[in-house]
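Q: The following file, work35.txt, comprises compact mmCIF, C-alpha atoms and all ligand atoms:
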# COMPACT_ATOMS: atom_id res chain seq x y z
CA MET S 30 -17.83 -69.43 -34.29
CA PRO S 31 -17.83 -71.28 -30.98
CA ASN S 32 -18.57 -68.95 -28.06
CA TRP S 33 -15.86 -67.16 -26.11
CA GLU S 34 -16.05 -69.56 -23.22
CA ILE S 35 -15.13 -72.44 -25.51
CA HIS S 36 -12.33 -70.52 -27.19
CA ASN S 37 -10.95 -69.58 -23.76
CA LYS S 38 -11.19 -73.08 -22.42
CA TRP S 39 -9.16 -74.55 -25.28
CA THR S 40 -6.51 -71.87 -25.40
CA SER S 41 -5.94 -72.43 -21.71
CA LYS S 42 -5.65 -76.19 -22.34
CA ALA S 43 -3.00 -75.33 -24.92
CA GLY S 44 -1.06 -73.36 -22.31
CA ILE S 45 -1.63 -70.00 -23.98
CA ASP S 46 -1.55 -66.91 -21.74
CA PRO S 47 -5.14 -65.59 -21.46
CA LEU S 48 -4.04 -62.08 -22.48
CA ILE S 49 -2.53 -63.40 -25.69
CA ALA S 50 -5.49 -65.69 -26.31
CA ASN S 51 -7.98 -62.86 -25.89
CA PHE S 52 -6.01 -60.55 -28.13
CA VAL S 53 -5.86 -63.16 -30.89
CA ASP S 54 -9.49 -64.28 -30.58
CA ARG S 55 -10.85 -60.73 -30.68
CA ASN S 56 -8.58 -59.75 -33.49
CA ILE S 57 -9.66 -62.63 -35.67
CA ASP S 58 -13.37 -62.25 -35.01
CA TYR S 59 -13.76 -58.46 -34.87
CA GLY S 60 -10.97 -56.10 -35.33
CA THR S 61 -8.33 -56.78 -37.86
CA GLU S 62 -8.61 -53.33 -39.46
CA TRP S 63 -7.09 -51.27 -36.68
CA ALA S 64 -4.35 -53.79 -36.16
CA PHE S 65 -3.24 -53.90 -39.75
CA ASN S 66 -3.54 -50.19 -40.49
CA GLU S 67 -0.77 -49.49 -38.00
CA ASN S 68 1.63 -51.42 -40.14
CA GLN S 69 2.65 -49.62 -43.31
CA GLN S 70 4.27 -52.71 -44.74
CA PHE S 71 0.92 -54.39 -45.18
CA ASP S 72 -0.34 -51.64 -47.45
CA GLU S 73 1.58 -52.93 -50.43
CA GLU S 74 0.18 -56.38 -49.94
CA LEU S 75 -3.52 -55.77 -49.78
CA ASP S 76 -4.24 -58.63 -52.14
CA GLU S 77 -3.05 -61.08 -49.52
CA PRO S 78 -5.72 -63.33 -48.05
CA ILE S 79 -6.78 -62.06 -44.66
CA SER S 80 -5.76 -65.24 -42.85
CA LEU S 81 -2.21 -64.91 -44.20
CA ARG S 82 -2.10 -61.29 -43.03
CA GLN S 83 -3.28 -62.41 -39.62
CA LEU S 84 -0.59 -65.09 -39.44
CA LYS S 85 2.16 -62.61 -40.36
CA PHE S 86 0.84 -60.14 -37.81
CA PHE S 87 0.72 -62.69 -34.99
CA TYR S 88 4.14 -64.08 -35.88
CA LYS S 89 5.49 -60.53 -35.62
CA LYS S 90 3.85 -60.18 -32.19
CA ASP S 91 5.61 -63.39 -31.12
CA LEU S 92 8.97 -62.09 -32.33
CA GLU S 93 8.48 -58.92 -30.28
CA LYS S 94 8.23 -61.10 -27.17
CA LYS S 95 11.91 -61.91 -27.25
CA TYR S 96 12.02 -63.64 -23.88
CA SER S 97 9.87 -66.49 -25.08
CA ASN S 98 10.72 -69.06 -27.74
CA ASP S 99 7.21 -70.36 -27.83
CA LEU S 100 5.07 -68.89 -30.60
CA LEU S 101 1.92 -68.42 -28.56
CA TYR S 102 0.22 -65.85 -30.80
CA VAL S 103 0.73 -68.17 -33.75
CA LYS S 104 -0.50 -71.14 -31.77
CA ALA S 105 -3.63 -69.23 -30.71
CA TYR S 106 -4.23 -68.32 -34.37
CA TYR S 107 -4.29 -72.00 -35.38
CA LEU S 108 -6.43 -73.03 -32.45
CA HIS S 109 -8.98 -70.29 -33.09
CA HIS S 110 -9.33 -71.09 -36.77
CA LEU S 111 -9.45 -74.82 -36.09
CA LEU S 112 -12.33 -74.50 -33.61
CA ASP S 113 -14.23 -72.30 -36.09
CA PHE S 114 -13.47 -74.76 -38.89
CA LEU S 115 -14.72 -77.74 -36.89
CA LYS S 116 -17.87 -75.88 -35.98
CA GLU S 117 -18.50 -74.91 -39.62
CA THR S 118 -17.66 -78.19 -41.29
CA ARG S 119 -18.83 -80.82 -38.83
CA PHE S 120 -16.12 -83.25 -39.84
CA SER S 121 -15.94 -86.31 -37.65
CA LEU S 122 -13.21 -85.90 -35.07
CA ASN S 123 -12.29 -89.51 -35.64
CA ASP S 124 -10.60 -88.59 -38.88
CA LEU S 125 -7.96 -86.10 -37.80
CA ASP S 126 -5.85 -86.73 -40.92
CA LYS S 127 -8.68 -85.53 -43.10
CA ILE S 128 -9.53 -82.61 -40.83
CA PHE S 129 -5.98 -81.29 -40.77
CA PHE S 130 -5.54 -81.86 -44.49
CA GLU S 131 -8.66 -79.79 -45.29
CA PHE S 132 -7.94 -77.24 -42.56
CA LEU S 133 -4.44 -76.51 -43.90
CA LYS S 134 -5.68 -76.43 -47.47
CA LYS S 135 -8.72 -74.20 -47.03
CA LYS S 136 -8.59 -72.23 -43.83
CA VAL S 137 -5.07 -71.24 -42.80
CA PHE S 138 -1.50 -70.91 -44.00
CA ARG S 139 1.29 -73.07 -42.62
CA GLU S 140 4.21 -70.76 -43.36
CA VAL S 141 5.27 -67.16 -43.93
CA LEU S 142 8.32 -65.45 -45.43
CA ASN S 143 10.42 -63.40 -43.04
CA GLU S 144 12.26 -60.16 -43.83
CA LYS S 145 15.16 -62.08 -45.36
CA ASN S 146 12.72 -63.94 -47.58
CA GLU S 147 13.28 -67.17 -45.69
CA LYS S 148 10.42 -69.58 -45.26
CA ILE S 149 9.22 -69.95 -41.67
CA THR S 150 6.97 -72.97 -41.17
CA PHE S 151 4.72 -73.55 -38.21
CA ASP S 152 4.40 -77.33 -38.34
CA LYS S 153 5.50 -77.59 -34.71
CA GLN S 154 2.65 -75.39 -33.50
CA ILE S 155 0.14 -77.16 -35.74
CA GLN S 156 1.33 -80.52 -34.43
CA GLU S 157 1.00 -79.34 -30.82
CA ILE S 158 -2.59 -78.28 -31.46
CA ARG S 159 -3.28 -81.65 -33.03
CA VAL S 160 -1.96 -83.51 -29.98
CA ILE S 161 -4.26 -81.52 -27.69
CA ILE S 162 -7.25 -82.33 -29.89
CA GLU S 163 -6.30 -86.00 -30.01
CA LYS S 164 -5.99 -86.25 -26.23
CA ASN S 165 -9.29 -84.50 -25.54
CA LYS S 166 -11.46 -85.68 -28.39
CA GLU S 167 -14.58 -86.55 -26.39
CA GLU S 168 -14.55 -83.27 -24.55
CA LEU S 169 -14.19 -81.32 -27.78
CA ILE S 170 -17.03 -83.19 -29.47
CA ASN S 171 -19.16 -82.17 -26.54
CA ASP S 172 -18.05 -78.53 -26.68
CA LEU S 173 -18.83 -78.24 -30.38
CA LYS S 174 -22.41 -79.48 -30.07
ZN ZN X 1 -13.84 -67.06 -34.92
For the file at hand, write its structure as structure tokens.

A:
Amino acid sequence: MPNWEIHNKWTSKAGIDPLIANFVDRNIDYGTEWAFNENQQFDEELDEPISLRQLKFFYKKDLEKKYSNDLLYVKAYYLHHLLDFLKETRFSLNDLDKIFFEFLKKKVFREVLNEKNEKITFDKQIQEIRVIIEKNKEELINDLK
């Protein structure tokens, strides 16, 4: 994984509150157990891939913040996994189509089902992350070295 400084720098570029960013980053890298054990509903779904469980958990955190329409926990989830993915794979940042295609296929989920069994997709958040990467490509290449 990229170091904390790099994670923090890019979440702040994405306009994510540092408290939310820290919570998400730490949760993904260290402590998912305590977070998920609190939620009974996850117990029946233990076969779920961990990154889908994370996404559901962060989406739920966003819904609890009723005063904000922006899904910042979800956005931080995508940004964290994308930075890790870029560091691991070393894809050229010049081919963002390929990067996002592989990223969405192998590393994360792009939607969840809500309590009414309706599909909630996060294409807007994924697109926003992509725009930030596109605008700051050189800087990111440097940060991932
Ligand atoms: Zn990580």

Q: Out of S:Asn171, S:Gln83, S:Ser41, S:Asn56, which residue has the shortest atom-to-atom distance to ligand ZN 1 (chain X) when counting only C-alpha atoms and all ligand atoms?

A: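 Nearest to ligand ZN 1 (chain X): S:Asn56.
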
Q: Kindly provide, as an MDAnalysis selection string, all nucleotide and amino acid residues lying within 10 Å of ligand ZN 1 (chain X), counting only C-alpha atoms and all ligand atoms.

A: chainID S and resid 30:33 36 53:59 106 108:114 116

Q: Output C-alpha atoms for every residue in that selection, as a JSON list (two decimals), in the frame of the given file.

A:
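Contents of the output file again-v4.json:
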[["chain", "number", "residue", "atom", "x", "y", "z"],
["S", 30, "MET", "CA", -17.83, -69.43, -34.29],
["S", 31, "PRO", "CA", -17.83, -71.28, -30.98],
["S", 32, "ASN", "CA", -18.57, -68.95, -28.06],
["S", 33, "TRP", "CA", -15.86, -67.16, -26.11],
["S", 36, "HIS", "CA", -12.33, -70.52, -27.19],
["S", 53, "VAL", "CA", -5.86, -63.16, -30.89],
["S", 54, "ASP", "CA", -9.49, -64.28, -30.58],
["S", 55, "ARG", "CA", -10.85, -60.73, -30.68],
["S", 56, "ASN", "CA", -8.58, -59.75, -33.49],
["S", 57, "ILE", "CA", -9.66, -62.63, -35.67],
["S", 58, "ASP", "CA", -13.37, -62.25, -35.01],
["S", 59, "TYR", "CA", -13.76, -58.46, -34.87],
["S", 106, "TYR", "CA", -4.23, -68.32, -34.37],
["S", 108, "LEU", "CA", -6.43, -73.03, -32.45],
["S", 109, "HIS", "CA", -8.98, -70.29, -33.09],
["S", 110, "HIS", "CA", -9.33, -71.09, -36.77],
["S", 111, "LEU", "CA", -9.45, -74.82, -36.09],
["S", 112, "LEU", "CA", -12.33, -74.50, -33.61],
["S", 113, "ASP", "CA", -14.23, -72.30, -36.09],
["S", 114, "PHE", "CA", -13.47, -74.76, -38.89],
["S", 116, "LYS", "CA", -17.87, -75.88, -35.98]]

Q: Would you mind telling me which residue in S:Asp152, S:Glu93, S:Glu167, S:Glu157 lies nearest to S:Phe138 when using only C-alpha atoms?

A: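 For S:Phe138, the nearest of the given residues is S:Asp152.
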
Q: Quote the spacing between atom CA of S:Leu115 and atom CA of S:Phe87 in Å to one decimal place.

A: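 Separating atom CA of S:Leu115 from atom CA of S:Phe87 is a distance of 21.6 Å.
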
Q: Report the distance between atom CA of S:Leu169 and atom CA of S:Asn123 in Å, rounded to one decimal place.

A: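 Computing the Euclidean distance for atom CA of S:Leu169 and atom CA of S:Asn123 yields 11.5 Å.
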
Q: Give me, please, the distance in Å between atom CA of S:Lys136 and atom CA of S:Leu92, quoted to one decimal.

A: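 Taking atom CA of S:Lys136 and atom CA of S:Leu92, their separation equals 23.3 Å.
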
Q: Could you list, as a list in words, every residue within 9 Å of S:Thr40, counting only C-alpha atoms and ignoring same-chain residues fewer than 2 positions away?

A: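 That gives Ile35, His36, Asn37, Lys38, Lys42, Ala43, Gly44, Ile45, Asp46, Pro47, Ala50, Lys104, Ala105, Leu108 and His109 of chain S.
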
Q: Could you take the residues named above and write them with C-alpha atoms, as a CSV table (one decimal), keeping the file's coordinate frame?

A:
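The file below, result-v2.csv, is the result:
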chain,number,residue,atom,x,y,z
S,35,ILE,CA,-15.1,-72.4,-25.5
S,36,HIS,CA,-12.3,-70.5,-27.2
S,37,ASN,CA,-11.0,-69.6,-23.8
S,38,LYS,CA,-11.2,-73.1,-22.4
S,42,LYS,CA,-5.6,-76.2,-22.3
S,43,ALA,CA,-3.0,-75.3,-24.9
S,44,GLY,CA,-1.1,-73.4,-22.3
S,45,ILE,CA,-1.6,-70.0,-24.0
S,46,ASP,CA,-1.6,-66.9,-21.7
S,47,PRO,CA,-5.1,-65.6,-21.5
S,50,ALA,CA,-5.5,-65.7,-26.3
S,104,LYS,CA,-0.5,-71.1,-31.8
S,105,ALA,CA,-3.6,-69.2,-30.7
S,108,LEU,CA,-6.4,-73.0,-32.4
S,109,HIS,CA,-9.0,-70.3,-33.1

Q: Rank nothing, just name the residue among S:Gln156, S:Ile170, S:Trp39, S:Asp99 nearest to S:Phe120, using all atoms listed in the file.

A: S:Ile170

Q: Give the answer as one residue: which of S:Lys164, S:Phe151, S:Asn51, S:Glu131 has the shortest atom-to-atom distance to S:Glu34, using only C-alpha atoms?

A: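 When distances to S:Glu34 are compared using only C-alpha atoms, the smallest one comes from S:Asn51.
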
Q: Looking at all atoms listed in the file, which of S:Glu168, S:Val103, S:Lys145, S:Lys174 is the one that sits closest to S:Glu117?

A: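 Nearest to S:Glu117: S:Lys174.
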
Q: To test the calculation: enclose all listed atoms of stretch 43-55 of chain S in a box whose edges run along x, y and z, add 8 Å on each side, then state centre and edge lengths in Å to one decimal, as AutoDock Vina command-line options.

A:
--center_x -6.0 --center_y -67.9 --center_z -26.2 --size_x 25.8 --size_y 30.8 --size_z 25.4

Q: Which of these, S:Arg139, S:Arg159, S:Lys89, S:Arg82, has the shortest distance to S:Leu125 once you count only C-alpha atoms?

A: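 Of all the options, S:Arg159 lies closest to S:Leu125.
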